[in-house]
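Everything below concerns the one structure shown next.
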Amino acid sequence: MEEVLRRFTEVSTDPYTSLTKWKEQTGKKIIGSFPMRIPEEIIHASGMLPVVMWRGNEAVTMGHSYVHNFNCGLTRSFIDDAVRDKLTFMDGMIFCRSCLQAEEIPSTIELNAPPRHFLYLYLPPLYPGSAFRDFFIHEMKRMKESLEEWSGQEITKESLENSIAIYDKNRSLLKKVYELRKKKPGTIKAREMLAIVHSSMLMDKEEHSRLLESLLPELEGRKEITDDKISVIIAGALCQTPHTAILDLIEEAGMVIVDDDIYIGSRYFANEIHSSGDPLEALADRNMKKLPPDPTMGDWKTLWTDYMVDKVRENKVQGIITLLIKYCPPHLCYYPDIRRRFVEEGIPEIMLEVEHEVVSIEQIRTRLMAFIEVIRGGV
Ligand code: SF4
């Protein structure tokens, strides 16, 4: 078990080395895809490895000449990695229409560190009406044709169905790990869970599923640790990998994370497909699901607050910890409403503003201790 977890952690903390090695061993190409809605299955069906773009593991330096320092950590650090030639193992990059900051990255990359294959997708918002679904399908067809032309490999209906099945299997295994954590709180540490999900975004899916299958029975054998722990959910951290130091602090302070609403978490594997119809339509339907609500896509009828409150109730947790990425407008715009709703519902909530480089651990520790006091004292 320790070996599998070590492998997941290595991939998550140093994707540069593990992906370079993977490429040397397999001779295959790697395509980076921007979070959070690009259908990776289409890249997989073309025989290449899709990897979700990540926040780098170093402070941003040269990147600040190309991007505002009031951009979120993910966008700044990705550009920094690109202009410092740290991403040359990525043969291609696919971006999509998302938040304002994400929309300015592609042109910066195209001008200053162009990959060998580059594609920008106009994924539509989640508005009602068939026109939006049709447009999503249109964009996926464009993505498919572009990958076929560049890779020289046709993406057949069968290969796409096979990739969807491979991805569905991985999603269902990740779901099982999450169910186990809910059933036996404390069994899986937050940093382990992060490594499990994050490595799935960066590894060959079949290999990841094999490792998960071997890990699951071992995790089931672990003892539940609930003694006097405060049960919480973490939420937010759109697109961006949370700092493991903060996850550790939450646990050290006396809390146990039972579930989450973060992208490198339950949002990534939500909604399996299991469709026998047209694979592109099935992919469109998965990626246009209203839940979990996507704050970058402006569906004003599906309230993120409802989703979070439901999660708190379902999991019967005592509080919720918001991880708000500094300079993340989609989350910032929703946060006042989220906060007001938690107050109305009497749900204890604390917001930790997190940044790519600077995290004041001691300040966060103090705030978490105060949060526990509030929950214990019912203040
Ligand atoms: S949604 Fe937030 S975290 Fe994601 S790219 Fe936009 S600003 Fe950055």
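Quick note on naming: the chains in the structure tokens go A, B, ... in the order shown, residues restart at 1 in each chain, and ligands are numbered from 1 in order of appearance.
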- Message: as a PyMOL selection string, please: every protein or nucleic acid residue near ligand 1 (cut-off 12 Å, counting only C-alpha atoms and all ligand atoms).
- Response: chain A and resi 34-37+53-55+70-79+95-106+236-242+262-264+294-298+323-334+354-356
- Determine which residues of range 220-333 of chain A DSSP labels as strand (DSSP E or B) from the backbone of this structure, then write them out as number ranges by chain. A: 230-236, 255-262, 319-325
How about saving the chosen residues, C-alpha atoms kept, as a PDB file, in the first residue's frame?
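As a result, result-v1.pdb now contains:
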```pdb
ATOM      1  CA  ILE A 230     -14.553  17.783  14.245  1.00  0.00           C
ATOM      2  CA  SER A 231     -15.915  16.587  10.905  1.00  0.00           C
ATOM      3  CA  VAL A 232     -15.624  19.053   8.033  1.00  0.00           C
ATOM      4  CA  ILE A 233     -15.831  19.452   4.284  1.00  0.00           C
ATOM      5  CA  ILE A 234     -13.370  21.492   2.245  1.00  0.00           C
ATOM      6  CA  ALA A 235     -14.680  23.517  -0.687  1.00  0.00           C
ATOM      7  CA  GLY A 236     -13.418  25.895  -3.353  1.00  0.00           C
ATOM      8  CA  MET A 255     -10.529  18.068  12.283  1.00  0.00           C
ATOM      9  CA  VAL A 256     -11.262  15.221   9.936  1.00  0.00           C
ATOM     10  CA  ILE A 257     -12.152  15.878   6.291  1.00  0.00           C
ATOM     11  CA  VAL A 258     -15.080  13.691   5.320  1.00  0.00           C
ATOM     12  CA  ASP A 259     -15.782  14.957   1.809  1.00  0.00           C
ATOM     13  CA  ASP A 260     -14.949  17.871  -0.463  1.00  0.00           C
ATOM     14  CA  ASP A 261     -16.187  20.166  -3.174  1.00  0.00           C
ATOM     15  CA  ILE A 262     -12.915  20.933  -4.926  1.00  0.00           C
ATOM     16  CA  GLY A 319     -18.425  22.714   9.516  1.00  0.00           C
ATOM     17  CA  ILE A 320     -17.057  23.713   6.155  1.00  0.00           C
ATOM     18  CA  ILE A 321     -13.679  25.174   5.230  1.00  0.00           C
ATOM     19  CA  THR A 322     -13.569  27.368   2.137  1.00  0.00           C
ATOM     20  CA  LEU A 323     -10.261  27.492   0.295  1.00  0.00           C
ATOM     21  CA  LEU A 324     -10.482  30.672  -1.734  1.00  0.00           C
ATOM     22  CA  ILE A 325      -7.766  31.081  -4.320  1.00  0.00           C
TER      23      ILE A 325
END
```
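Proximity to Lys29 in chain A at 9 Å, evaluated using only C-alpha atoms and with sequence-adjacent residues fewer than 6 positions away removed, yields Lys23, Gly47, Met48, Leu49, Pro50, Phe89, Met90, Asp91, Gly92 and Ser151 of chain A.
CA of Glu192 in chain A is found 23.0 Å from CA of Ile372 in chain A.
The residue that comes closest to Lys183 in chain A, out of A:Lys86, A:Lys316, A:Leu303, A:Ser214 and on the basis of only C-alpha atoms, is A:Lys316.
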- If you count only C-alpha atoms, which residues fall within 10 Å of Pro279 in chain A, apart from same-chain ones fewer than 5 positions away, as number ranges by chain? A: 41-42, 157-164, 273-274, 284-285
- Just list the residues in range 150-294 of chain A DSSP gives alpha helix (DSSP H) on the backbone, as a ChimeraX atom specification. /A:150-151,157-183,190-200,205-220,244-252,268-269,279-287
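Each of A:His44, A:Lys229, A:His243, A:Lys311 was checked against Arg376 in chain A using only C-alpha atoms; the smallest atom-to-atom distance is that of A:Lys229.
Remark: for His138 in chain A, the closest of the candidate residues A:Glu3, A:Glu58, A:Asp80, A:Glu281 is A:Glu281 (distances computed over only C-alpha atoms).
Distance-wise, CA of Ser107 in chain A and CA of Gly32 in chain A end up 15.4 Å apart.
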- range 130-133 of chain A environment, 8 Å, only C-alpha atoms, sequence neighbours closer than 4 positions dropped, as a PyMOL selection string: chain A and resi 124-126+137+284-285+288
